[in-house]
Every structure is written in C-alpha cells, then in structure tokens.
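The block underneath contains the structure these notes are about, expressed in structure tokens.
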Amino acid sequence: MSDLSNRTVDLPKEQRNEANHSVVSEFVLLGLSNSWEIQLLLFLFSCLFYVFSMMGNFLIVITVIFDPYLHSPMYFLLANLSIIDLIFCSIAAPKMICDLFRKQKVISFGGCIAQIFFSHAVGGSEMVLLIAMAFDRYVAICKPLHYLTIMRPSVCTLILVVAWTIGVIHSLAQLAFVVNLPFCGPNVLDSFYCDIPRLIKLACTDTYKLELMVNANSEFISLGAFFMLILSYIFILVTVQKHSSGSSSKALSTLSTHIVVVVLFFGPLIFFYVCPSPSTHLDKFLAMFDAVLTPFLNPLIYTLRNRDMKTAIRRVFIKLTGFGKKGLY
C-alpha cells in the first residue's frame, strides 16, 4: 500500500483529480510519539483511564437502573450521558492503545469513515443532552412546583430521541463533505485517529473552501451550544442567589458540577475547530484528553460531588452483593 501511495503522489494534479477515492484503501496513522519510553507511558496511562472510564460510567448506569431513589429526570439524563461516554471512549481509544507498539499503524478507508461518523454522532448527541440537563436544572430550580409535570417520562424519552436524531443528522452532514472526495495519495494522517480536517487535507483536489466550510460549521455548532449553556447556567445561578443560602447550597453544588463537565467537553472541540493549526503536541494531547480522560472525569465528578449518587452506589452494592447489609441498616 505504501508503494502505491508513493507512486500516486507524483501524478500530475489533473490526473490525480480524476482518480477515484477507492485508490486509497487505507490510511497510515503516525500516532502520538516515536519514543519507546513515551509510548510505554502513554500505554499505561491510556489503559488505566480507559478501564476506569468504562467502569465508572457503567457503574453510574447500573446504579441509576437499580436504585429506585434515582428514578428521576436528572438521573435519567445522567445515566444516558454515561452511556454516551461509554460509546465515545470506545471509538478511538482501543485502537490507539493497540497501535502504540505497532510499527505501522493503519486504518482502512471504511474504518476511518466509521470513526468519523460515530465520533460526530455521539458528540452531537452529547451536546443536545448537556443542553437538556441544563434545562432540567432550570426547571428544578426556577419552577420546582411544575418540575414533575414538565419533566415527565415521555418528555425525557423525547429528549433522548431528539438528541440521537440530531447527532446522527449532524454526523451525516459532516460526512457529506468528505465521503465522495478523491483520495489517491498521500495517505498519512499525523494523528492516532481519523478526523475530518486532517482527512480533507489528503484529498486530491483543491479543498480550501471545503475546509473553511467544515470549520465554520463546527465552530457555529460548538460555540453556539457552549455559549448557550454558559448563559443558561449564569441565569440559573442568578436565580439561585435569590433563594436562602440553606436551600441553594445543593443547587450550587449541582450547577458547578454541570459547568465543569460542559467546559471539559467543549474545551478541546473549540481548540480543534476555532483555532485550526498544523499538528502540534498540544493538539494530540487534547485529542487524547478528549478520547480517554474526559469520559473518565465525567463519572468521577458526578460521583464525588453528589452525595445522593455516592449513597445510591453503596445501596446498590449491598443490594447486589449482600455485603454489609446489617451494618447499613
């Protein structure tokens, strides 16, 4: 495959523009580092946080399912956020971990497109879900008497359907920019996973306008959602300040948790699309942070800062294992 890529690189521009994208059947990933010591460190770091991410998010889902005290709209949305994180951290992280010690890291054209599709579908769904979680907190704090009426089960289910529908539509719209581009060489991606900006640069045609369109689309969505969330939380915080300190302390703790999650999710996205630049070590670090560390931090933040969740985890553990039942009651 590498010989084919080398031959096609020297073709005239006109001939390369006529080439079909199937000429390139796989892409070579340069990965994170060529240093064996750094690769070993990254391997240990990635494995550790990937396993903890899976365990932490799975624990939240199981706890919300089995503990009747958490059968509320807030925890329904939180459990679905954990499901999204379970999917998201499994899109690129397993292959990145397996590729760390491989001399040649390759991904098929179909595998590359699949990575892009699932990352944007899951990412778009998470954006909508975070907005829904902000709306849930607004209703709970500003309209507490109408909370169960507004956030009834049918509305929560509708929110989930809308979130995934918007995520899939967003992903298909992004793929429409690249899936029919001609790829005839070179086929080297300076990354550990496939993403649209780097993939577009490998097309055998002028992609300047297309790159601007993709970046503008992603900037509009990510920045729009981020500022809408921040403004909504500012509004909720102002409302909370009007309550007595005793009744607002729990609300402030919950809101601060949500704000931290929003910043962790949107921070890397804003860097990638609002500040596009040639590949740097910071770029790769943020990509790895987004793929492995953020899904780990979300359950950690929600469990450490949420007394109800910690108590529920203990109850579910005792319920499923029977260990310490007498001591608790």
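Identifiers for the structure tokens are assigned positionally: chains receive A, B, ... in sequence, residues are indexed from 1 per chain, and ligands are indexed from 1 in the order shown.
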
Next on the checklist: I'd like the neighbourhood of A:Leu148 as a list in words, where a residue qualifies if any of its atoms comes within 12 Å (using only C-alpha atoms), though same-chain residues fewer than 3 positions away should be ignored.
Outcome noted: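 Within the cut-off, the hits are His71, Ser72, Pro73, Met74, Asp136, Val139, Ala140, Lys143, Pro144, Leu145, Met151, Arg152, Pro153, Ser154, Val155 and Cys156 of chain A.
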
For the residues in the current selection, export all heavy atoms as a compact mmCIF listing (two decimals), in the first residue's frame.
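Generated file (part-v3.txt):
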# COMPACT_ATOMS: atom_id res chain seq x y z
N HIS A 71 -34.67 7.26 40.32
CA HIS A 71 -35.56 7.22 39.16
C HIS A 71 -36.24 8.58 38.99
O HIS A 71 -37.43 8.75 39.23
CB HIS A 71 -36.59 6.11 39.31
CG HIS A 71 -35.99 4.74 39.21
ND1 HIS A 71 -36.72 3.58 39.40
CD2 HIS A 71 -34.73 4.35 38.92
CE1 HIS A 71 -35.92 2.53 39.24
NE2 HIS A 71 -34.70 2.98 38.96
N SER A 72 -35.42 9.55 38.60
CA SER A 72 -35.88 10.92 38.39
C SER A 72 -35.29 11.43 37.07
O SER A 72 -34.34 10.85 36.55
CB SER A 72 -35.44 11.82 39.55
OG SER A 72 -34.03 11.95 39.58
N PRO A 73 -35.87 12.50 36.51
CA PRO A 73 -35.37 13.02 35.23
C PRO A 73 -33.88 13.36 35.24
O PRO A 73 -33.16 13.07 34.28
CB PRO A 73 -36.21 14.28 35.00
CG PRO A 73 -37.48 14.00 35.73
CD PRO A 73 -37.09 13.21 36.94
N MET A 74 -33.41 13.96 36.34
CA MET A 74 -32.00 14.35 36.41
C MET A 74 -31.08 13.15 36.24
O MET A 74 -30.11 13.18 35.48
CB MET A 74 -31.73 15.04 37.75
CG MET A 74 -30.26 15.34 38.00
SD MET A 74 -30.00 16.07 39.63
CE MET A 74 -28.21 16.03 39.74
N ASP A 136 -33.16 20.90 32.51
CA ASP A 136 -33.67 20.16 33.67
C ASP A 136 -33.37 20.89 34.97
O ASP A 136 -34.22 21.00 35.85
CB ASP A 136 -33.05 18.76 33.69
CG ASP A 136 -33.36 18.00 34.96
OD1 ASP A 136 -34.49 17.50 35.09
OD2 ASP A 136 -32.47 17.91 35.84
N VAL A 139 -35.60 24.05 35.27
CA VAL A 139 -36.96 23.74 35.72
C VAL A 139 -36.98 23.37 37.20
O VAL A 139 -37.85 23.82 37.96
CB VAL A 139 -37.56 22.60 34.87
CG1 VAL A 139 -38.95 22.21 35.40
CG2 VAL A 139 -37.66 23.02 33.41
N ALA A 140 -35.99 22.56 37.63
CA ALA A 140 -35.95 22.12 39.02
C ALA A 140 -35.76 23.28 39.99
O ALA A 140 -36.31 23.28 41.09
CB ALA A 140 -34.83 21.09 39.20
N LYS A 143 -38.73 26.49 38.57
CA LYS A 143 -40.15 26.10 38.57
C LYS A 143 -40.32 24.77 39.31
O LYS A 143 -40.79 23.78 38.72
CB LYS A 143 -40.67 25.99 37.13
CG LYS A 143 -40.57 27.27 36.33
CD LYS A 143 -41.07 27.09 34.92
CE LYS A 143 -40.94 28.37 34.12
NZ LYS A 143 -41.80 29.45 34.61
N PRO A 144 -39.94 24.72 40.58
CA PRO A 144 -39.95 23.44 41.31
C PRO A 144 -41.32 22.79 41.43
O PRO A 144 -41.43 21.57 41.42
CB PRO A 144 -39.38 23.81 42.69
CG PRO A 144 -39.62 25.28 42.81
CD PRO A 144 -39.52 25.84 41.43
N LEU A 145 -42.39 23.61 41.52
CA LEU A 145 -43.73 23.05 41.68
C LEU A 145 -44.23 22.38 40.40
O LEU A 145 -45.14 21.53 40.45
CB LEU A 145 -44.71 24.15 42.11
CG LEU A 145 -44.42 24.81 43.46
CD1 LEU A 145 -45.44 25.91 43.76
CD2 LEU A 145 -44.42 23.78 44.58
N MET A 151 -41.01 17.81 33.30
CA MET A 151 -40.01 16.77 33.01
C MET A 151 -40.59 15.38 33.25
O MET A 151 -39.98 14.53 33.89
CB MET A 151 -38.77 16.99 33.89
CG MET A 151 -38.05 18.30 33.65
SD MET A 151 -37.45 18.48 31.95
CE MET A 151 -36.25 17.15 31.86
N ARG A 152 -41.76 15.13 32.69
CA ARG A 152 -42.39 13.82 32.83
C ARG A 152 -41.65 12.79 31.95
O ARG A 152 -40.89 13.16 31.04
CB ARG A 152 -43.86 13.89 32.46
CG ARG A 152 -44.16 14.41 31.08
CD ARG A 152 -45.67 14.66 30.92
NE ARG A 152 -45.98 15.11 29.56
CZ ARG A 152 -45.91 16.38 29.18
NH1 ARG A 152 -45.54 17.32 30.05
NH2 ARG A 152 -46.20 16.73 27.94
N PRO A 153 -41.85 11.49 32.20
CA PRO A 153 -41.10 10.45 31.48
C PRO A 153 -41.18 10.55 29.96
O PRO A 153 -40.18 10.32 29.27
CB PRO A 153 -41.76 9.15 31.98
CG PRO A 153 -42.25 9.48 33.35
CD PRO A 153 -42.70 10.91 33.28
N SER A 154 -42.34 10.89 29.43
CA SER A 154 -42.48 11.00 27.97
C SER A 154 -41.61 12.11 27.41
O SER A 154 -41.03 11.98 26.32
CB SER A 154 -43.94 11.25 27.58
OG SER A 154 -44.42 12.44 28.18
N VAL A 155 -41.46 13.21 28.16
CA VAL A 155 -40.60 14.33 27.73
C VAL A 155 -39.13 13.90 27.77
O VAL A 155 -38.36 14.21 26.85
CB VAL A 155 -40.83 15.56 28.62
CG1 VAL A 155 -39.80 16.65 28.31
CG2 VAL A 155 -42.24 16.09 28.42
N CYS A 156 -38.73 13.17 28.81
CA CYS A 156 -37.35 12.70 28.92
C CYS A 156 -37.01 11.75 27.77
O CYS A 156 -35.92 11.81 27.19
CB CYS A 156 -37.14 11.99 30.25
SG CYS A 156 -37.24 13.09 31.68

Next on the checklist: as a PyMOL selection string, please: the residues near A:Phe101 (cut-off 12 Å, only C-alpha atoms, same-chain neighbours under 2 positions excluded).
Outcome noted: chain A and resi 30-44+95-99+103-105

Near stretch 283-293 of chain A, 7 Å: stretch 83-163 of chain A residue rows, closest pairs, only C-alpha atoms, as a Markdown table:
| residue | atom | partner | partner_atom | distance |
| --- | --- | --- | --- | --- |
| A:Cys89 | CA | A:Ala291 | CA | 5.5 |
| A:Ala92 | CA | A:Ala291 | CA | 6.7 |
| A:Ala93 | CA | A:Ala291 | CA | 6.2 |

Next on the checklist: I'd like the contact shell of stretch 125-129 of chain A - 9 Å cut-off, only C-alpha atoms, skipping same-chain residues fewer than 3 positions apart - returned as number ranges by chain.
Outcome noted: A: 77-78, 80-81, 84-85, 120-122, 132-134, 159-160, 162-168, 222, 225-226, 262, 265-266

With N, CA, C and O atoms retained, could you export that selection as a CSV table (one decimal), in the first residue's frame?
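What follows is the written file again.csv:
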chain,number,residue,atom,x,y,z
A,77,LEU,N,-31.2,11.5,32.7
A,77,LEU,CA,-30.3,12.1,31.8
A,77,LEU,C,-28.8,11.9,32.1
A,77,LEU,O,-28.0,11.7,31.2
A,78,LEU,N,-28.5,11.8,33.4
A,78,LEU,CA,-27.1,11.5,33.7
A,78,LEU,C,-26.7,10.1,33.3
A,78,LEU,O,-25.6,9.9,32.8
A,80,ASN,N,-27.9,8.4,30.8
A,80,ASN,CA,-27.7,8.5,29.3
A,80,ASN,C,-26.4,9.2,28.9
A,80,ASN,O,-25.8,8.8,27.9
A,81,LEU,N,-26.0,10.2,29.7
A,81,LEU,CA,-24.7,10.8,29.4
A,81,LEU,C,-23.6,9.8,29.6
A,81,LEU,O,-22.6,9.8,28.9
A,84,ILE,N,-23.5,7.5,26.6
A,84,ILE,CA,-22.8,8.2,25.5
A,84,ILE,C,-21.3,8.2,25.8
A,84,ILE,O,-20.5,7.9,24.8
A,85,ASP,N,-20.8,8.4,27.0
A,85,ASP,CA,-19.4,8.4,27.3
A,85,ASP,C,-18.8,7.0,27.1
A,85,ASP,O,-17.7,6.8,26.7
A,120,HIS,N,-18.8,12.0,15.6
A,120,HIS,CA,-19.7,13.2,15.4
A,120,HIS,C,-21.1,12.9,15.8
A,120,HIS,O,-21.8,13.8,16.4
A,121,ALA,N,-21.6,11.7,15.6
A,121,ALA,CA,-22.9,11.3,16.0
A,121,ALA,C,-23.0,11.3,17.6
A,121,ALA,O,-24.0,11.9,18.1
A,122,VAL,N,-22.1,10.7,18.2
A,122,VAL,CA,-22.1,10.7,19.7
A,122,VAL,C,-21.8,12.1,20.3
A,122,VAL,O,-22.4,12.5,21.2
A,132,ALA,N,-30.1,19.7,27.5
A,132,ALA,CA,-31.3,19.1,28.2
A,132,ALA,C,-31.0,19.1,29.7
A,132,ALA,O,-32.0,19.4,30.5
A,133,MET,N,-29.8,18.7,30.1
A,133,MET,CA,-29.5,18.7,31.5
A,133,MET,C,-29.5,20.1,32.1
A,133,MET,O,-29.9,20.3,33.3
A,134,ALA,N,-29.1,21.1,31.3
A,134,ALA,CA,-29.2,22.5,31.8
A,134,ALA,C,-30.7,22.9,31.9
A,134,ALA,O,-31.0,23.6,32.9
A,159,ILE,N,-36.6,13.8,24.6
A,159,ILE,CA,-35.3,14.5,24.6
A,159,ILE,C,-34.2,13.5,24.2
A,159,ILE,O,-33.4,13.9,23.3
A,160,LEU,N,-34.3,12.3,24.6
A,160,LEU,CA,-33.3,11.3,24.2
A,160,LEU,C,-33.3,11.0,22.7
A,160,LEU,O,-32.3,10.9,22.0
A,162,VAL,N,-34.6,12.9,20.4
A,162,VAL,CA,-34.2,14.2,19.6
A,162,VAL,C,-32.6,14.3,19.7
A,162,VAL,O,-32.0,14.6,18.6
A,163,ALA,N,-32.0,14.0,20.8
A,163,ALA,CA,-30.6,14.1,20.9
A,163,ALA,C,-29.9,13.2,19.9
A,163,ALA,O,-28.9,13.6,19.2
A,164,TRP,N,-30.3,11.9,19.9
A,164,TRP,CA,-29.6,11.0,18.9
A,164,TRP,C,-30.0,11.3,17.5
A,164,TRP,O,-29.1,11.1,16.6
A,165,THR,N,-31.2,11.8,17.2
A,165,THR,CA,-31.5,12.2,15.9
A,165,THR,C,-30.7,13.3,15.4
A,165,THR,O,-30.1,13.3,14.3
A,166,ILE,N,-30.5,14.3,16.2
A,166,ILE,CA,-29.7,15.5,15.8
A,166,ILE,C,-28.3,15.0,15.7
A,166,ILE,O,-27.6,15.5,14.8
A,167,GLY,N,-27.8,14.2,16.6
A,167,GLY,CA,-26.4,13.7,16.5
A,167,GLY,C,-26.1,13.0,15.2
A,167,GLY,O,-25.1,13.2,14.5
A,168,VAL,N,-27.1,12.1,14.8
A,168,VAL,CA,-26.9,11.3,13.5
A,168,VAL,C,-27.0,12.3,12.3
A,168,VAL,O,-26.2,12.1,11.4
A,222,SER,N,-20.4,24.2,17.9
A,222,SER,CA,-19.8,24.1,19.2
A,222,SER,C,-19.8,25.4,20.0
A,222,SER,O,-20.2,25.4,21.2
A,225,ALA,N,-23.6,26.2,21.0
A,225,ALA,CA,-24.0,25.4,22.2
A,225,ALA,C,-23.3,25.7,23.4
A,225,ALA,O,-24.0,25.8,24.5
A,226,PHE,N,-22.0,26.0,23.4
A,226,PHE,CA,-21.2,26.3,24.6
A,226,PHE,C,-21.8,27.6,25.2
A,226,PHE,O,-22.0,27.7,26.4
A,262,VAL,N,-19.3,20.7,31.2
A,262,VAL,CA,-19.5,21.4,29.9
A,262,VAL,C,-18.2,21.9,29.4
A,262,VAL,O,-17.8,21.8,28.3
A,265,PHE,N,-16.0,19.1,28.1
A,265,PHE,CA,-16.4,18.6,26.8
A,265,PHE,C,-16.2,19.6,25.7
A,265,PHE,O,-15.7,19.2,24.6
A,266,PHE,N,-16.5,20.9,25.9
A,266,PHE,CA,-16.3,21.8,24.8
A,266,PHE,C,-14.9,22.4,24.6
A,266,PHE,O,-14.6,22.9,23.5

Item to check | Test item, helix (DSSP H, G or I) assignment across stretch 12-185 of chain A, answer as an MDAnalysis selection string | outcome: chainID A and resid 13:18 21:23 36:66 68:70 73:88 93:99 109:142 144:150 153:178

Next on the checklist: Give me the residues near A:Leu189 as a PyMOL selection string, where near means some atom within 9 Å (using only C-alpha atoms) and where sequence neighbours in that chain fewer than 4 positions away do not count.
Outcome noted: chain A and resi 27-31+193-194+198-199+202

For all heavy atoms, I'd like the residues from the last selection saved as a PDB file, in the first residue's frame.
ATOM      1  N   PHE A  27      -5.342   4.228   5.440  1.00  0.00           N
ATOM      2  CA  PHE A  27      -4.552   5.392   5.844  1.00  0.00           C
ATOM      3  C   PHE A  27      -3.543   4.964   6.911  1.00  0.00           C
ATOM      4  O   PHE A  27      -3.830   4.098   7.745  1.00  0.00           O
ATOM      5  CB  PHE A  27      -5.444   6.501   6.387  1.00  0.00           C
ATOM      6  CG  PHE A  27      -6.387   7.072   5.372  1.00  0.00           C
ATOM      7  CD1 PHE A  27      -7.704   6.634   5.300  1.00  0.00           C
ATOM      8  CD2 PHE A  27      -5.961   8.042   4.479  1.00  0.00           C
ATOM      9  CE1 PHE A  27      -8.574   7.147   4.364  1.00  0.00           C
ATOM     10  CE2 PHE A  27      -6.827   8.570   3.536  1.00  0.00           C
ATOM     11  CZ  PHE A  27      -8.140   8.123   3.470  1.00  0.00           C
ATOM     12  N   VAL A  28      -2.386   5.593   6.866  1.00  0.00           N
ATOM     13  CA  VAL A  28      -1.330   5.330   7.838  1.00  0.00           C
ATOM     14  C   VAL A  28      -1.408   6.395   8.926  1.00  0.00           C
ATOM     15  O   VAL A  28      -1.394   7.596   8.636  1.00  0.00           O
ATOM     16  CB  VAL A  28       0.064   5.341   7.184  1.00  0.00           C
ATOM     17  CG1 VAL A  28       1.153   5.124   8.240  1.00  0.00           C
ATOM     18  CG2 VAL A  28       0.156   4.267   6.104  1.00  0.00           C
ATOM     19  N   LEU A  29      -1.497   5.968  10.176  1.00  0.00           N
ATOM     20  CA  LEU A  29      -1.549   6.881  11.316  1.00  0.00           C
ATOM     21  C   LEU A  29      -0.164   6.999  11.932  1.00  0.00           C
ATOM     22  O   LEU A  29       0.469   5.987  12.243  1.00  0.00           O
ATOM     23  CB  LEU A  29      -2.544   6.371  12.362  1.00  0.00           C
ATOM     24  CG  LEU A  29      -3.971   6.129  11.869  1.00  0.00           C
ATOM     25  CD1 LEU A  29      -4.803   5.444  12.953  1.00  0.00           C
ATOM     26  CD2 LEU A  29      -4.631   7.425  11.449  1.00  0.00           C
ATOM     27  N   LEU A  30       0.300   8.230  12.123  1.00  0.00           N
ATOM     28  CA  LEU A  30       1.625   8.431  12.719  1.00  0.00           C
ATOM     29  C   LEU A  30       1.613   8.218  14.229  1.00  0.00           C
ATOM     30  O   LEU A  30       2.661   8.021  14.835  1.00  0.00           O
ATOM     31  CB  LEU A  30       2.149   9.833  12.391  1.00  0.00           C
ATOM     32  CG  LEU A  30       2.451  10.104  10.914  1.00  0.00           C
ATOM     33  CD1 LEU A  30       3.057  11.495  10.757  1.00  0.00           C
ATOM     34  CD2 LEU A  30       3.389   9.047  10.333  1.00  0.00           C
ATOM     35  N   GLY A  31       0.421   8.267  14.843  1.00  0.00           N
ATOM     36  CA  GLY A  31       0.333   8.016  16.275  1.00  0.00           C
ATOM     37  C   GLY A  31       0.732   9.215  17.113  1.00  0.00           C
ATOM     38  O   GLY A  31       0.762  10.356  16.643  1.00  0.00           O
ATOM     39  N   TYR A 193      -6.082   8.913  15.238  1.00  0.00           N
ATOM     40  CA  TYR A 193      -7.450   8.593  14.830  1.00  0.00           C
ATOM     41  C   TYR A 193      -7.817   9.450  13.627  1.00  0.00           C
ATOM     42  O   TYR A 193      -7.079  10.373  13.249  1.00  0.00           O
ATOM     43  CB  TYR A 193      -8.428   8.850  15.980  1.00  0.00           C
ATOM     44  CG  TYR A 193      -8.691  10.311  16.249  1.00  0.00           C
ATOM     45  CD1 TYR A 193      -9.907  10.883  15.937  1.00  0.00           C
ATOM     46  CD2 TYR A 193      -7.714  11.128  16.822  1.00  0.00           C
ATOM     47  CE1 TYR A 193     -10.149  12.223  16.170  1.00  0.00           C
ATOM     48  CE2 TYR A 193      -7.940  12.462  17.072  1.00  0.00           C
ATOM     49  CZ  TYR A 193      -9.168  13.011  16.746  1.00  0.00           C
ATOM     50  OH  TYR A 193      -9.397  14.344  16.977  1.00  0.00           O
ATOM     51  N   CYS A 194      -8.936   9.147  13.002  1.00  0.00           N
ATOM     52  CA  CYS A 194      -9.380   9.897  11.823  1.00  0.00           C
ATOM     53  C   CYS A 194     -10.254  11.071  12.241  1.00  0.00           C
ATOM     54  O   CYS A 194     -11.185  10.898  13.042  1.00  0.00           O
ATOM     55  CB  CYS A 194     -10.167   8.986  10.885  1.00  0.00           C
ATOM     56  SG  CYS A 194      -9.161   7.807   9.979  1.00  0.00           S
ATOM     57  N   ARG A 198      -8.024  16.805   9.052  1.00  0.00           N
ATOM     58  CA  ARG A 198      -6.818  16.180   8.515  1.00  0.00           C
ATOM     59  C   ARG A 198      -7.123  15.341   7.279  1.00  0.00           C
ATOM     60  O   ARG A 198      -6.317  15.269   6.355  1.00  0.00           O
ATOM     61  CB  ARG A 198      -6.148  15.314   9.584  1.00  0.00           C
ATOM     62  CG  ARG A 198      -5.485  16.106  10.700  1.00  0.00           C
ATOM     63  CD  ARG A 198      -4.647  15.187  11.579  1.00  0.00           C
ATOM     64  NE  ARG A 198      -3.978  15.927  12.633  1.00  0.00           N
ATOM     65  CZ  ARG A 198      -4.504  16.160  13.837  1.00  0.00           C
ATOM     66  NH1 ARG A 198      -5.696  15.706  14.112  1.00  0.00           N
ATOM     67  NH2 ARG A 198      -3.837  16.841  14.749  1.00  0.00           N
ATOM     68  N   LEU A 199      -8.279  14.695   7.268  1.00  0.00           N
ATOM     69  CA  LEU A 199      -8.632  13.852   6.128  1.00  0.00           C
ATOM     70  C   LEU A 199      -8.844  14.684   4.873  1.00  0.00           C
ATOM     71  O   LEU A 199      -8.428  14.282   3.777  1.00  0.00           O
ATOM     72  CB  LEU A 199      -9.906  13.055   6.449  1.00  0.00           C
ATOM     73  CG  LEU A 199     -10.263  11.929   5.479  1.00  0.00           C
ATOM     74  CD1 LEU A 199      -9.176  10.867   5.455  1.00  0.00           C
ATOM     75  CD2 LEU A 199     -11.606  11.319   5.846  1.00  0.00           C
ATOM     76  N   LEU A 202      -5.855  15.517   2.682  1.00  0.00           N
ATOM     77  CA  LEU A 202      -5.266  14.460   1.855  1.00  0.00           C
ATOM     78  C   LEU A 202      -5.981  14.277   0.527  1.00  0.00           C
ATOM     79  O   LEU A 202      -5.547  13.475  -0.302  1.00  0.00           O
ATOM     80  CB  LEU A 202      -5.284  13.126   2.615  1.00  0.00           C
ATOM     81  CG  LEU A 202      -4.491  13.059   3.921  1.00  0.00           C
ATOM     82  CD1 LEU A 202      -4.565  11.655   4.509  1.00  0.00           C
ATOM     83  CD2 LEU A 202      -3.039  13.468   3.701  1.00  0.00           C
TER      84      LEU A 202
END

Next on the checklist: Neighbouring residues of stretch 55-60 of chain A were defined as those with any atom within 8 Å, considering only C-alpha atoms; residues of the same chain fewer than 5 positions away were excluded. Please report them as a list in words.
Outcome noted: Ala79, Ser82, Ile83, Asp85, Leu86, Pro295, Phe296, Pro299, Leu300 and Ile313 of chain A

Could those selected residues go to a file with N, CA and C atoms, as a short mmCIF file (atom, residue, chain, number, x, y, z; two decimals), in the first residue's frame?
data_model
loop_
_atom_site.label_atom_id
_atom_site.label_comp_id
_atom_site.auth_asym_id
_atom_site.auth_seq_id
_atom_site.Cartn_x
_atom_site.Cartn_y
_atom_site.Cartn_z
N ALA A 79 -27.60 9.10 33.45
CA ALA A 79 -27.31 7.73 33.01
C ALA A 79 -27.10 7.68 31.50
N SER A 82 -23.73 8.93 30.63
CA SER A 82 -22.73 7.89 30.87
C SER A 82 -22.73 6.86 29.73
N ILE A 83 -23.91 6.54 29.19
CA ILE A 83 -23.97 5.63 28.05
C ILE A 83 -23.25 6.23 26.84
N ASP A 85 -20.82 8.40 26.99
CA ASP A 85 -19.38 8.36 27.28
C ASP A 85 -18.82 6.96 27.10
N LEU A 86 -19.61 5.93 27.42
CA LEU A 86 -19.17 4.55 27.19
C LEU A 86 -18.91 4.30 25.71
N PRO A 295 -14.17 11.13 29.32
CA PRO A 295 -15.16 10.13 29.76
C PRO A 295 -14.88 9.56 31.14
N PHE A 296 -13.62 9.63 31.60
CA PHE A 296 -13.28 9.18 32.95
C PHE A 296 -13.64 10.25 33.98
N PRO A 299 -17.85 10.68 35.16
CA PRO A 299 -18.41 9.93 36.31
C PRO A 299 -17.71 10.27 37.61
N LEU A 300 -16.40 10.59 37.54
CA LEU A 300 -15.67 10.94 38.76
C LEU A 300 -16.24 12.22 39.37
N ILE A 313 -24.81 4.33 45.25
CA ILE A 313 -23.83 3.31 44.86
C ILE A 313 -23.64 2.30 45.98
#

Checklist entry - So how far away is atom CA of A:Pro94 from atom CA of A:Ser46, in Å? => result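 It comes out at 9.0 Å.
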
Checklist entry - So which residues of stretch 81-267 of chain A fall under strand (DSSP E) by DSSP, listed as a VMD selection string? => result chain A and resid 105 to 108 188 to 189

Could you dump the residues just selected with N, CA, C and O atoms as an mmCIF file, in the first residue's frame?
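And here is the file that came out, selection19.cif:
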data_model
loop_
_atom_site.group_PDB
_atom_site.id
_atom_site.type_symbol
_atom_site.label_atom_id
_atom_site.label_comp_id
_atom_site.auth_asym_id
_atom_site.auth_seq_id
_atom_site.Cartn_x
_atom_site.Cartn_y
_atom_site.Cartn_z
ATOM 1 N N LYS A 105 0.973 1.725 11.820
ATOM 2 C CA LYS A 105 -0.394 1.885 12.305
ATOM 3 C C LYS A 105 -1.276 2.257 11.112
ATOM 4 O O LYS A 105 -1.107 3.332 10.539
ATOM 5 N N VAL A 106 -2.182 1.384 10.743
ATOM 6 C CA VAL A 106 -3.035 1.643 9.585
ATOM 7 C C VAL A 106 -4.494 1.505 9.966
ATOM 8 O O VAL A 106 -4.844 0.818 10.940
ATOM 9 N N ILE A 107 -5.347 2.179 9.206
ATOM 10 C CA ILE A 107 -6.792 2.061 9.359
ATOM 11 C C ILE A 107 -7.395 2.056 7.967
ATOM 12 O O ILE A 107 -6.960 2.812 7.089
ATOM 13 N N SER A 108 -8.359 1.184 7.729
ATOM 14 C CA SER A 108 -8.985 1.101 6.415
ATOM 15 C C SER A 108 -9.793 2.356 6.124
ATOM 16 O O SER A 108 -10.166 3.107 7.040
ATOM 17 N N VAL A 188 -1.101 9.543 4.654
ATOM 18 C CA VAL A 188 -0.552 9.586 6.014
ATOM 19 C C VAL A 188 -1.277 10.650 6.833
ATOM 20 O O VAL A 188 -1.340 11.820 6.445
ATOM 21 N N LEU A 189 -1.846 10.230 7.972
ATOM 22 C CA LEU A 189 -2.525 11.134 8.902
ATOM 23 C C LEU A 189 -1.653 11.309 10.146
ATOM 24 O O LEU A 189 -1.312 10.336 10.810
#

Checklist entry - Which of these residues is nearest to A:Ile87, using only C-alpha atoms: A:Phe235, A:Phe317, A:Tyr302, A:Tyr50? => result A:Tyr50
